[in-house]
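Novice: If it helps, the file is called run01.cif and holds mmCIF, C-alpha atoms:
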```cif
data_final
loop_
_atom_site.label_atom_id
_atom_site.label_comp_id
_atom_site.auth_asym_id
_atom_site.auth_seq_id
_atom_site.Cartn_x
_atom_site.Cartn_y
_atom_site.Cartn_z
CA MET A 1 -236.51 -29.87 -114.24
CA LEU A 2 -235.47 -28.64 -117.66
CA VAL A 3 -235.58 -30.62 -120.89
CA VAL A 4 -232.86 -29.56 -123.32
CA ILE A 5 -233.22 -30.22 -127.04
CA PRO A 6 -230.00 -29.57 -128.95
CA ALA A 7 -230.92 -29.04 -132.61
CA HIS A 8 -228.80 -28.74 -135.71
CA ASN A 9 -230.85 -28.53 -138.92
CA GLU A 10 -233.94 -30.23 -137.51
CA VAL A 11 -236.65 -28.04 -139.03
CA GLU A 12 -238.78 -31.04 -140.02
CA SER A 13 -238.92 -32.83 -136.70
CA LEU A 14 -238.31 -30.22 -134.01
CA ALA A 15 -241.89 -28.91 -133.77
CA ALA A 16 -243.27 -32.45 -133.51
CA THR A 17 -240.75 -33.36 -130.82
CA VAL A 18 -241.66 -30.30 -128.73
CA ALA A 19 -245.40 -30.89 -129.24
CA GLU A 20 -245.09 -34.53 -128.22
CA LEU A 21 -243.12 -33.60 -125.10
CA ARG A 22 -245.73 -31.05 -124.08
CA ALA A 23 -248.61 -33.40 -124.78
CA LEU A 24 -247.12 -36.10 -122.56
CA HIS A 25 -245.74 -33.90 -119.80
CA ALA A 26 -247.94 -30.87 -119.22
CA GLY A 27 -246.14 -27.78 -117.96
CA ILE A 28 -242.72 -29.17 -118.77
CA GLU A 29 -239.95 -26.59 -119.18
CA VAL A 30 -238.06 -26.93 -122.44
CA LEU A 31 -234.95 -25.23 -123.79
CA ILE A 32 -233.91 -25.54 -127.42
CA VAL A 33 -230.31 -24.94 -128.41
CA ASP A 34 -230.07 -24.10 -132.09
CA ASP A 35 -226.55 -25.14 -133.00
CA GLY A 36 -225.84 -23.00 -136.06
CA SER A 37 -228.69 -24.39 -138.18
CA ASP A 38 -229.09 -23.07 -141.72
CA ASP A 39 -232.29 -24.83 -142.75
CA GLY A 40 -234.93 -22.66 -141.10
CA THR A 41 -234.64 -24.21 -137.63
CA ALA A 42 -233.59 -20.78 -136.36
CA GLU A 43 -236.88 -19.19 -137.50
CA LEU A 44 -238.94 -22.14 -136.29
CA VAL A 45 -237.43 -21.96 -132.82
CA THR A 46 -238.72 -18.43 -132.27
CA GLN A 47 -242.29 -19.54 -133.06
CA LEU A 48 -242.48 -22.50 -130.70
CA GLY A 49 -242.94 -20.40 -127.59
CA VAL A 50 -240.09 -21.99 -125.67
CA PRO A 51 -236.84 -20.41 -124.51
CA TRP A 52 -233.92 -20.96 -126.83
CA LEU A 53 -230.22 -20.38 -127.22
CA ARG A 54 -228.59 -19.88 -130.59
CA PHE A 55 -225.06 -20.34 -131.85
CA PRO A 56 -224.27 -18.51 -135.09
CA VAL A 57 -222.10 -21.42 -136.24
CA CYS A 58 -222.25 -25.15 -135.52
CA LEU A 59 -220.20 -25.89 -132.40
CA GLY A 60 -221.36 -29.42 -131.73
CA VAL A 61 -223.76 -31.00 -129.30
CA GLY A 62 -221.24 -30.96 -126.43
CA THR A 63 -220.90 -27.20 -126.53
CA ALA A 64 -224.67 -26.84 -126.88
CA MET A 65 -225.16 -28.97 -123.77
CA ARG A 66 -222.54 -27.08 -121.80
CA ALA A 67 -224.30 -23.79 -122.47
CA ALA A 68 -227.71 -25.34 -121.76
CA LEU A 69 -226.53 -26.76 -118.44
CA ARG A 70 -225.17 -23.39 -117.37
CA TYR A 71 -228.51 -21.87 -118.37
CA ALA A 72 -230.32 -24.49 -116.29
CA HIS A 73 -228.06 -23.96 -113.31
CA HIS A 74 -228.50 -20.20 -113.52
CA LEU A 75 -232.28 -20.59 -113.38
CA GLY A 76 -232.05 -23.05 -110.49
CA HIS A 77 -233.01 -26.25 -112.33
CA GLU A 78 -231.57 -29.21 -110.46
CA ILE A 79 -232.37 -31.86 -113.04
CA VAL A 80 -231.67 -31.58 -116.74
CA VAL A 81 -232.75 -34.06 -119.39
CA ARG A 82 -231.21 -34.11 -122.84
CA ILE A 83 -233.42 -35.38 -125.62
CA ASP A 84 -232.67 -35.45 -129.35
CA ALA A 85 -234.63 -33.18 -131.69
CA ASP A 86 -235.06 -35.83 -134.39
CA GLY A 87 -237.73 -37.80 -132.54
CA GLN A 88 -235.57 -40.87 -131.93
CA HIS A 89 -236.04 -40.65 -128.19
CA ALA A 90 -239.51 -41.48 -126.94
CA PRO A 91 -240.77 -38.85 -124.46
CA GLU A 92 -242.54 -41.62 -122.52
CA ASP A 93 -239.11 -42.83 -121.39
CA LEU A 94 -238.26 -39.45 -119.91
CA SER A 95 -239.82 -40.10 -116.51
CA ARG A 96 -238.03 -43.43 -116.25
CA LEU A 97 -234.69 -41.67 -116.69
CA VAL A 98 -235.51 -39.01 -114.12
CA GLU A 99 -236.84 -41.53 -111.60
CA ALA A 100 -233.57 -43.46 -111.80
CA LEU A 101 -231.67 -40.38 -110.62
CA GLY A 102 -230.87 -39.76 -106.97
CA ALA A 103 -229.59 -42.12 -104.26
CA GLY A 104 -225.98 -41.82 -105.37
CA ILE A 105 -226.81 -41.80 -109.08
CA SER A 106 -225.54 -38.57 -110.68
CA ALA A 107 -226.54 -39.25 -114.26
CA VAL A 108 -228.74 -41.68 -116.13
CA VAL A 109 -228.39 -42.64 -119.76
CA GLY A 110 -230.97 -44.37 -121.90
CA SER A 111 -229.75 -47.51 -123.65
CA ARG A 112 -231.64 -48.93 -126.59
CA TYR A 113 -229.83 -52.24 -126.23
CA LEU A 114 -231.16 -52.97 -122.77
CA ALA A 115 -234.75 -52.97 -124.01
CA ALA A 116 -236.25 -55.48 -126.37
CA GLY A 117 -237.36 -54.18 -129.75
CA GLY A 118 -237.12 -50.65 -131.07
CA PHE A 119 -234.72 -49.17 -133.56
CA ARG A 120 -231.23 -50.62 -133.70
CA ALA A 121 -228.10 -49.45 -135.46
CA SER A 122 -227.08 -51.14 -138.68
CA GLY A 123 -224.36 -53.82 -138.77
CA SER A 124 -221.13 -51.84 -139.07
CA ARG A 125 -222.29 -49.04 -136.81
CA ARG A 126 -223.43 -51.54 -134.23
CA LEU A 127 -220.03 -53.23 -134.37
CA VAL A 128 -218.27 -49.93 -133.69
CA GLN A 129 -220.69 -49.25 -130.83
CA ARG A 130 -220.05 -52.68 -129.38
CA VAL A 131 -216.27 -52.30 -129.46
CA LEU A 132 -216.47 -48.79 -128.07
CA GLY A 133 -218.94 -49.90 -125.39
CA ARG A 134 -216.67 -52.77 -124.34
CA CYS A 135 -213.62 -50.52 -124.10
CA LEU A 136 -215.55 -47.83 -122.22
CA GLY A 137 -217.02 -50.42 -119.89
CA TRP A 138 -213.56 -51.78 -119.21
CA VAL A 139 -212.28 -48.33 -118.21
CA VAL A 140 -215.28 -47.16 -116.19
CA ARG A 141 -215.77 -50.62 -114.66
CA ARG A 142 -219.47 -50.99 -115.41
CA PRO A 143 -221.25 -52.16 -118.52
CA VAL A 144 -221.77 -49.53 -121.20
CA THR A 145 -224.22 -51.01 -123.70
CA ASP A 146 -225.03 -47.87 -125.72
CA PRO A 147 -221.92 -45.66 -125.70
CA THR A 148 -223.25 -43.16 -128.26
CA SER A 149 -226.70 -42.66 -126.72
CA GLY A 150 -227.70 -39.01 -126.41
CA PHE A 151 -230.66 -39.59 -124.08
CA TRP A 152 -229.40 -38.42 -120.69
CA ALA A 153 -230.72 -37.16 -117.37
CA PHE A 154 -228.37 -35.23 -115.08
CA GLY A 155 -228.75 -34.72 -111.36
CA PRO A 156 -227.73 -31.56 -109.44
CA THR A 157 -224.01 -32.38 -109.07
CA ALA A 158 -223.68 -33.39 -112.71
CA VAL A 159 -225.50 -30.22 -113.80
CA ARG A 160 -223.01 -28.13 -111.85
CA LEU A 161 -220.00 -30.04 -113.15
CA LEU A 162 -221.05 -30.29 -116.78
CA GLY A 163 -222.10 -26.65 -117.06
CA GLU A 164 -218.38 -25.97 -116.92
CA HIS A 165 -216.82 -29.19 -118.17
CA HIS A 166 -219.19 -30.97 -120.56
CA PRO A 167 -216.96 -32.56 -123.22
CA THR A 168 -217.25 -30.81 -126.57
CA ASP A 169 -217.22 -32.30 -130.08
CA TYR A 170 -218.74 -35.77 -130.43
CA ALA A 171 -219.23 -35.94 -126.74
CA GLU A 172 -221.17 -38.96 -125.52
CA PRO A 173 -218.36 -41.48 -124.96
CA GLU A 174 -216.22 -38.80 -123.36
CA LEU A 175 -219.10 -37.94 -121.06
CA HIS A 176 -219.02 -41.48 -119.63
CA LEU A 177 -215.29 -41.11 -119.01
CA LEU A 178 -215.52 -37.66 -117.46
CA LEU A 179 -218.28 -38.65 -115.04
CA TRP A 180 -216.38 -41.77 -114.07
CA ARG A 181 -213.18 -39.74 -113.54
CA GLN A 182 -215.13 -37.38 -111.27
CA GLY A 183 -216.28 -40.34 -109.21
CA MET A 184 -219.91 -39.94 -110.25
CA THR A 185 -222.17 -42.91 -110.73
CA VAL A 186 -223.91 -43.31 -114.07
CA ARG A 187 -226.76 -45.73 -114.56
CA GLU A 188 -228.11 -47.13 -117.78
CA VAL A 189 -231.84 -47.65 -118.15
CA PRO A 190 -233.61 -49.34 -121.06
CA VAL A 191 -235.30 -47.02 -123.55
CA THR A 192 -237.00 -47.59 -126.86
CA MET A 193 -235.26 -45.84 -129.73
CA ARG A 194 -237.39 -44.97 -132.73
CA ALA A 195 -236.28 -44.55 -136.33
CA ARG A 196 -235.46 -40.94 -137.14
CA GLY A 197 -238.61 -38.88 -137.66
CA ALA A 198 -237.08 -36.67 -140.32
CA GLY A 199 -233.76 -35.20 -141.28
CA ARG A 200 -230.51 -37.04 -141.68
CA SER A 201 -228.19 -38.25 -138.98
CA THR A 202 -225.27 -35.85 -138.62
CA LEU A 203 -223.08 -38.92 -138.23
CA THR A 204 -221.48 -39.64 -141.61
CA TRP A 205 -218.86 -42.33 -142.15
CA SER A 206 -215.88 -40.00 -141.99
CA ARG A 207 -217.28 -38.34 -138.90
CA ALA A 208 -217.97 -41.70 -137.32
CA LEU A 209 -214.36 -42.74 -137.89
CA THR A 210 -213.03 -39.49 -136.44
CA ALA A 211 -215.38 -39.88 -133.51
CA VAL A 212 -214.17 -43.42 -132.87
CA ALA A 213 -210.53 -42.32 -133.08
CA ARG A 214 -211.29 -39.52 -130.65
CA ALA A 215 -213.16 -41.79 -128.32
CA PHE A 216 -210.24 -44.22 -128.21
CA LEU A 217 -207.82 -41.36 -127.59
CA ALA A 218 -210.10 -40.23 -124.78
CA LEU A 219 -209.98 -43.78 -123.39
CA ILE A 220 -206.22 -43.45 -123.06
CA VAL A 221 -206.14 -39.85 -121.88
CA ALA A 222 -209.16 -39.68 -119.55
CA PRO A 223 -207.71 -41.92 -116.81
CA LEU A 224 -204.55 -39.76 -116.81
CA ARG A 225 -206.43 -36.49 -116.43
CA THR A 226 -206.72 -34.70 -113.15
CA THR A 227 -210.26 -34.27 -111.92
CA ALA A 228 -212.07 -31.01 -112.50
CA PRO A 229 -212.49 -28.88 -109.39
CA VAL A 230 -216.18 -29.58 -108.77
CA ALA A 231 -215.74 -29.46 -105.04
CA GLU A 232 -214.61 -25.86 -105.33
CA ALA A 233 -217.53 -25.01 -107.56
CA GLU A 234 -219.85 -26.59 -105.04
CA THR A 235 -218.53 -24.73 -102.06
CA GLU A 236 -218.63 -21.52 -104.03
CA LEU A 237 -222.25 -22.19 -104.90
CA GLU A 238 -223.17 -23.13 -101.38
CA ALA A 239 -221.59 -19.93 -100.12
CA ARG A 240 -223.79 -17.87 -102.40
CA MET B 1 -168.40 -25.53 -144.37
CA THR B 2 -167.57 -23.56 -147.48
CA ASP B 3 -167.60 -19.79 -147.40
CA LEU B 4 -170.56 -19.66 -149.76
CA VAL B 5 -172.68 -21.86 -147.51
CA GLN B 6 -171.71 -19.69 -144.56
CA VAL B 7 -172.59 -16.47 -146.38
CA VAL B 8 -175.96 -17.87 -147.48
CA SER B 9 -176.70 -19.17 -143.97
CA ILE B 10 -175.89 -15.82 -142.40
CA ALA B 11 -177.98 -13.99 -145.01
CA VAL B 12 -180.96 -16.30 -144.48
CA SER B 13 -180.81 -15.98 -140.68
CA LEU B 14 -180.50 -12.20 -140.87
CA THR B 15 -183.43 -11.97 -143.29
CA LEU B 16 -185.54 -14.15 -141.01
CA LEU B 17 -184.67 -11.97 -138.01
CA ALA B 18 -185.46 -8.81 -139.99
CA VAL B 19 -188.80 -10.21 -141.19
CA VAL B 20 -189.83 -11.20 -137.66
CA ILE B 21 -188.88 -7.80 -136.22
CA GLU B 22 -190.71 -6.01 -139.04
CA LEU B 23 -193.83 -8.11 -138.47
CA VAL B 24 -193.78 -7.28 -134.77
CA ARG B 25 -193.23 -3.59 -135.62
CA ARG B 26 -196.29 -3.62 -137.88
CA ARG B 27 -198.24 -5.45 -135.17
CA LEU B 28 -198.93 -8.34 -137.53
CA LEU B 29 -197.23 -10.68 -135.09
CA VAL B 30 -197.64 -10.36 -131.32
CA GLU B 31 -194.47 -10.34 -129.23
CA GLU B 32 -195.45 -13.51 -127.41
CA TYR B 33 -195.48 -15.57 -130.59
CA SER B 34 -192.49 -13.83 -132.14
CA LEU B 35 -190.17 -15.12 -129.41
CA ILE B 36 -190.01 -18.64 -130.79
CA TRP B 37 -189.04 -17.25 -134.21
CA LEU B 38 -186.46 -14.88 -132.75
CA VAL B 39 -184.84 -17.65 -130.74
CA GLY B 40 -184.80 -19.92 -133.82
CA ALA B 41 -183.33 -17.29 -136.13
CA SER B 42 -180.74 -16.23 -133.54
CA SER B 43 -179.50 -19.78 -132.98
CA LEU B 44 -179.24 -20.21 -136.72
CA LEU B 45 -177.24 -17.00 -136.97
CA LEU B 46 -175.00 -18.06 -134.11
CA LEU B 47 -174.22 -21.40 -135.75
CA ALA B 48 -173.66 -19.76 -139.13
CA CYS B 49 -171.27 -17.13 -137.75
CA PHE B 50 -169.21 -19.40 -135.54
CA ARG B 51 -168.40 -22.44 -137.61
CA GLU B 52 -166.44 -23.92 -134.69
CA ILE B 53 -169.57 -24.50 -132.67
CA LEU B 54 -171.16 -26.24 -135.61
CA HIS B 55 -168.09 -28.40 -136.16
CA VAL B 56 -167.78 -29.35 -132.50
CA VAL B 57 -171.46 -30.28 -132.26
CA ALA B 58 -171.30 -32.13 -135.59
CA ARG B 59 -168.33 -34.20 -134.42
CA TRP B 60 -170.07 -34.85 -131.13
CA LEU B 61 -173.21 -36.10 -132.92
CA ASN B 62 -171.20 -37.97 -135.55
CA VAL B 63 -172.51 -35.80 -138.36
CA ARG B 64 -170.14 -36.07 -141.33
CA TYR B 65 -171.16 -32.88 -143.13
CA PRO B 66 -171.54 -30.06 -140.55
CA PRO B 67 -173.84 -27.76 -142.60
CA SER B 68 -176.51 -30.48 -142.56
CA LEU B 69 -176.62 -29.85 -138.83
CA LEU B 70 -178.05 -26.43 -139.64
CA LEU B 71 -180.91 -28.18 -141.38
CA LEU B 72 -181.50 -30.26 -138.27
CA VAL B 73 -181.63 -27.11 -136.13
CA ILE B 74 -184.16 -25.54 -138.53
CA LEU B 75 -186.26 -28.71 -138.45
CA PHE B 76 -186.12 -28.76 -134.69
CA PHE B 77 -187.41 -25.20 -134.39
CA ALA B 78 -190.03 -25.80 -137.08
CA PHE B 79 -191.27 -28.81 -135.12
CA ILE B 80 -191.35 -26.93 -131.81
CA GLY B 81 -193.09 -24.06 -133.60
CA LEU B 82 -195.77 -26.31 -135.05
CA MET B 83 -196.39 -27.93 -131.70
CA PHE B 84 -196.57 -24.56 -130.00
CA PHE B 85 -199.05 -23.21 -132.53
CA SER B 86 -201.22 -26.33 -132.31
CA VAL B 87 -201.50 -25.61 -128.60
CA VAL B 88 -202.32 -21.96 -129.31
CA VAL B 89 -204.99 -22.91 -131.87
CA SER B 90 -206.52 -25.45 -129.47
CA SER B 91 -206.74 -22.98 -126.64
CA GLN B 92 -208.21 -20.34 -128.93
CA ARG B 93 -210.77 -22.82 -130.16
CA ALA B 94 -211.81 -23.47 -126.56
CA GLN B 95 -211.97 -19.74 -125.90
CA ILE B 96 -214.11 -19.10 -128.99
CA ARG B 97 -216.54 -21.85 -127.97
CA ARG B 98 -216.80 -20.27 -124.54
CA LEU B 99 -217.42 -16.88 -126.08
CA PHE B 100 -220.22 -18.23 -128.30
CA GLU B 101 -221.79 -19.94 -125.29
CA GLU B 102 -221.67 -16.82 -123.19
CA THR B 103 -223.14 -14.59 -125.93
CA ALA B 104 -225.94 -17.13 -126.50
CA LEU B 105 -226.68 -17.18 -122.76
CA LEU B 106 -226.61 -13.39 -122.52
CA ALA B 107 -228.89 -13.07 -125.55
CA ALA B 108 -231.38 -15.44 -123.90
CA ARG B 109 -231.31 -13.42 -120.67
CA LEU B 110 -231.80 -10.23 -122.65
CA ARG B 111 -234.80 -11.72 -124.47
CA ALA B 112 -236.33 -12.82 -121.18
CA LEU B 113 -235.74 -9.38 -119.70
CA GLU B 114 -237.26 -7.62 -122.69
CA ALA B 115 -240.30 -9.90 -122.62
CA LYS B 116 -240.76 -9.20 -118.90
CA GLN B 117 -240.42 -5.47 -119.43
CA LYS B 118 -242.90 -5.53 -122.29
CA ALA B 119 -245.39 -7.45 -120.15
CA GLU B 120 -244.98 -4.94 -117.32
CA VAL B 121 -245.50 -2.00 -119.66
CA THR B 122 -248.63 -3.60 -121.11
CA ALA B 123 -249.94 -4.35 -117.61
CA ALA B 124 -249.26 -0.75 -116.52
CA HIS B 125 -251.07 0.54 -119.58
CA SER B 126 -254.12 -1.59 -118.98
CA ASP B 127 -254.11 -0.57 -115.28
CA ALA B 128 -253.98 3.07 -116.31
CA ALA B 129 -256.84 2.51 -118.74
CA ASP B 130 -258.87 0.83 -115.98
CA ASP B 131 -258.21 3.75 -113.61
CA GLU B 132 -259.23 6.17 -116.33
CA ARG B 133 -262.49 4.30 -116.81
CA ASP B 134 -263.16 4.17 -113.05
CA ARG B 135 -262.51 7.87 -112.66
CA GLY B 136 -264.51 8.72 -115.77
CA PRO B 137 -267.88 9.87 -114.21
CA VAL B 138 -266.18 12.16 -111.63
CA HIS B 139 -264.69 14.44 -114.28
#
```
Could I get this file's structure written as structure tokens?

Specialist:
Amino acid sequence: MLVVIPAHNEVESLAATVAELRALHAGIEVLIVDDGSDDGTAELVTQLGVPWLRFPVCLGVGTAMRAALRYAHHLGHEIVVRIDADGQHAPEDLSRLVEALGAGISAVVGSRYLAAGGFRASGSRRLVQRVLGRCLGWVVRRPVTDPTSGFWAFGPTAVRLLGEHHPTDYAEPELHLLLWRQGMTVREVPVTMRARGAGRSTLTWSRALTAVARAFLALIVAPLRTTAPVAEAETELEAR
Amino acid sequence: MTDLVQVVSIAVSLTLLAVVIELVRRRLLVEEYSLIWLVGASSLLLLACFREILHVVARWLNVRYPPSLLLLVILFFAFIGLMFFSVVVSSQRAQIRRLFEETALLAARLRALEAKQKAEVTAAHSDAADDERDRGPVH
């Protein structure tokens, strides 16, 4: 298993996140993807004693995850967990996500709205999430309570698929659509979201609006897309 | 269409053609992308030279003032061009992302390899030092 931490300008919280992960899960393998940070994250990453990837410019969390999943696949990791660098995701929930994998479940996503308590989004943001969640749920025919959650666990098939096809840009809603289009089952499990440890959310109002517009476009386009050739990738891998 | 309009239209189309060919000659524009401009400029030239075509098409489309049809043709090619280049930019964006990913992955593999090599060298050195110590009294 590999835990991937995509990080863009997270110098204040990254070290704590990694330390907390290691304290709770001894011997855990971690990969940090520094997504074009310019606040000292790049220097910090080299001192943490974990493997890392670095992009010279910010390419977005989707691209970071795609590279990380290819890295994981190359090293033979069958399960990959994505956890945010800002400390919003509680490492205690990690095992719950991983345990929910398997038995026909290709990916698991943590939803803060399935659990009682914890950090919730503010009014307007929550409204957007609700609308987006409803629409997504309607397309993928299962409830999506936290469409923008970045706390994910991927099983072997999803790792193989997403290493090549992880949606880029503001990727989480599109990820739901892609996995559904590929006929993969995604399960939501309750997690406790904490308030951001440090740093500022990269999601500003204008970005949020663009993201919503994109997500709705994806809602229209995703069902019309042809599926990615995972089967081919699989046979090729099995042949190796 | 008045003679002046025709002369100007022909001059503009010829200039456009010349500019495109010159850009390709200087390798500032690749052949693949110059095609759309060449086709556009040639059609413009064709319509400017042979007024009859313009008049026939204008009558067919119910356009009262045939030269305005030239404008429509220009708009059409501009629109197709914009669409085409949006596609080109999108695909290049995807390619650049891929390239960044691959270089990041290769850099990570290189770091791992270098670390492994360094560890092996250190181990070999300490082994050699141990051997030296063991053999010490014999010499």

Novice: Starting from the PyMOL selection byres ((chain B) within 12 of (chain A)), expand the selection into actual residues of this file and give them as number ranges by chain.

Specialist: B: 93-112, 115

Novice: Spell out the residues picked by the PyMOL selection byres ((chain A and resi 45) around 12) here, as a PDB file with C-alpha atoms, in the frame of the given file.

Specialist:
```
ATOM      1  CA  ILE A   5    -233.220 -30.220-127.040  1.00  0.00           C
ATOM      2  CA  PRO A   6    -230.000 -29.570-128.950  1.00  0.00           C
ATOM      3  CA  ALA A   7    -230.920 -29.040-132.610  1.00  0.00           C
ATOM      4  CA  HIS A   8    -228.800 -28.740-135.710  1.00  0.00           C
ATOM      5  CA  ASN A   9    -230.850 -28.530-138.920  1.00  0.00           C
ATOM      6  CA  GLU A  10    -233.940 -30.230-137.510  1.00  0.00           C
ATOM      7  CA  VAL A  11    -236.650 -28.040-139.030  1.00  0.00           C
ATOM      8  CA  GLU A  12    -238.780 -31.040-140.020  1.00  0.00           C
ATOM      9  CA  SER A  13    -238.920 -32.830-136.700  1.00  0.00           C
ATOM     10  CA  LEU A  14    -238.310 -30.220-134.010  1.00  0.00           C
ATOM     11  CA  ALA A  15    -241.890 -28.910-133.770  1.00  0.00           C
ATOM     12  CA  VAL A  18    -241.660 -30.300-128.730  1.00  0.00           C
ATOM     13  CA  VAL A  30    -238.060 -26.930-122.440  1.00  0.00           C
ATOM     14  CA  LEU A  31    -234.950 -25.230-123.790  1.00  0.00           C
ATOM     15  CA  ILE A  32    -233.910 -25.540-127.420  1.00  0.00           C
ATOM     16  CA  VAL A  33    -230.310 -24.940-128.410  1.00  0.00           C
ATOM     17  CA  ASP A  34    -230.070 -24.100-132.090  1.00  0.00           C
ATOM     18  CA  ASP A  35    -226.550 -25.140-133.000  1.00  0.00           C
ATOM     19  CA  SER A  37    -228.690 -24.390-138.180  1.00  0.00           C
ATOM     20  CA  ASP A  39    -232.290 -24.830-142.750  1.00  0.00           C
ATOM     21  CA  GLY A  40    -234.930 -22.660-141.100  1.00  0.00           C
ATOM     22  CA  THR A  41    -234.640 -24.210-137.630  1.00  0.00           C
ATOM     23  CA  ALA A  42    -233.590 -20.780-136.360  1.00  0.00           C
ATOM     24  CA  GLU A  43    -236.880 -19.190-137.500  1.00  0.00           C
ATOM     25  CA  LEU A  44    -238.940 -22.140-136.290  1.00  0.00           C
ATOM     26  CA  THR A  46    -238.720 -18.430-132.270  1.00  0.00           C
ATOM     27  CA  GLN A  47    -242.290 -19.540-133.060  1.00  0.00           C
ATOM     28  CA  LEU A  48    -242.480 -22.500-130.700  1.00  0.00           C
ATOM     29  CA  GLY A  49    -242.940 -20.400-127.590  1.00  0.00           C
ATOM     30  CA  VAL A  50    -240.090 -21.990-125.670  1.00  0.00           C
ATOM     31  CA  PRO A  51    -236.840 -20.410-124.510  1.00  0.00           C
ATOM     32  CA  TRP A  52    -233.920 -20.960-126.830  1.00  0.00           C
ATOM     33  CA  LEU A  53    -230.220 -20.380-127.220  1.00  0.00           C
ATOM     34  CA  ARG A  54    -228.590 -19.880-130.590  1.00  0.00           C
ATOM     35  CA  ALA A  85    -234.630 -33.180-131.690  1.00  0.00           C
TER      36      ALA A  85
END
```

Novice: Quick check, in Å to one decimal: how far apart do CA of Ser126 (chain B) and CA of Glu114 (chain B) lie?

Specialist: 18.3 Å

Novice: Any idea what the distance is between CA of Ser42 (chain B) and CA of Leu75 (chain B)?

Specialist: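 Computing the Euclidean distance for CA of Ser42 (chain B) and CA of Leu75 (chain B) yields 14.5 Å.
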
Novice: How many Å separate CA of Gln182 (chain A) from CA of Leu224 (chain A)?

Specialist: 12.2 Å

Novice: Would you mind telling me which residue in B:Glu32, B:Trp37, B:Val8, B:Phe85 lies nearest to Val20 (chain B) when using all atoms listed in the file?

Specialist: B:Trp37

Novice: Evaluating the PyMOL selection byres ((chain A and resi 99-105) around 10) on the displayed file yields which residues, as a ChimeraX atom specification?

Specialist: /A:79,94-98,106-109,153-158,184-189

Novice: Using only C-alpha atoms, which residue out of A:Val80, A:Ala23, A:Ala222, A:Leu132 lies closest to Thr148 (chain A)?

Specialist: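 Once distances to Thr148 (chain A) are computed over only C-alpha atoms, the minimum belongs to A:Leu132.
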
Novice: If I wrap all listed atoms of region 102-117 of chain B in a box with edges along x, y and z and add 4 Å on each side, what are its centre and edge lengths in Å to one decimal, as JSON?

Specialist:
```
{"center_x": -231.2, "center_y": -11.3, "center_z": -122.7, "size_x": 27.1, "size_y": 19.7, "size_z": 15.6}
```

Novice: Add whatever atoms are absent from region 22-35 of chain B to reach N, CA and C atoms, and provide the output as a short mmCIF file (atom, residue, chain, number, x, y, z; two decimals), in the frame of the given file.

Specialist:
```cif
data_model
loop_
_atom_site.label_atom_id
_atom_site.label_comp_id
_atom_site.auth_asym_id
_atom_site.auth_seq_id
_atom_site.Cartn_x
_atom_site.Cartn_y
_atom_site.Cartn_z
N GLU B 22 -189.82 -6.88 -138.26
CA GLU B 22 -190.71 -6.01 -139.04
C GLU B 22 -192.18 -6.37 -138.79
N LEU B 23 -192.45 -7.67 -138.73
CA LEU B 23 -193.83 -8.11 -138.47
C LEU B 23 -194.31 -7.64 -137.11
N VAL B 24 -193.41 -7.72 -136.12
CA VAL B 24 -193.78 -7.28 -134.77
C VAL B 24 -194.01 -5.76 -134.80
N ARG B 25 -193.11 -5.04 -135.54
CA ARG B 25 -193.23 -3.59 -135.62
C ARG B 25 -194.58 -3.19 -136.21
N ARG B 26 -195.00 -3.93 -137.24
CA ARG B 26 -196.29 -3.62 -137.88
C ARG B 26 -197.49 -4.19 -137.12
N ARG B 27 -197.21 -4.80 -135.99
CA ARG B 27 -198.24 -5.45 -135.17
C ARG B 27 -198.98 -6.57 -135.91
N LEU B 28 -198.32 -7.19 -136.85
CA LEU B 28 -198.93 -8.34 -137.53
C LEU B 28 -198.59 -9.63 -136.77
N LEU B 29 -197.63 -9.53 -135.89
CA LEU B 29 -197.23 -10.68 -135.09
C LEU B 29 -197.08 -10.17 -133.64
N VAL B 30 -197.77 -10.83 -132.70
CA VAL B 30 -197.64 -10.36 -131.32
C VAL B 30 -196.31 -10.83 -130.73
N GLU B 31 -195.79 -10.06 -129.80
CA GLU B 31 -194.47 -10.34 -129.23
C GLU B 31 -194.38 -11.77 -128.70
N GLU B 32 -195.44 -12.19 -128.04
CA GLU B 32 -195.45 -13.51 -127.41
C GLU B 32 -195.10 -14.61 -128.41
N TYR B 33 -195.70 -14.52 -129.60
CA TYR B 33 -195.48 -15.57 -130.59
C TYR B 33 -194.22 -15.34 -131.41
N SER B 34 -193.68 -14.11 -131.35
CA SER B 34 -192.49 -13.83 -132.14
C SER B 34 -191.25 -14.42 -131.47
N LEU B 35 -191.35 -14.64 -130.15
CA LEU B 35 -190.17 -15.12 -129.41
C LEU B 35 -189.60 -16.40 -129.99
#
```
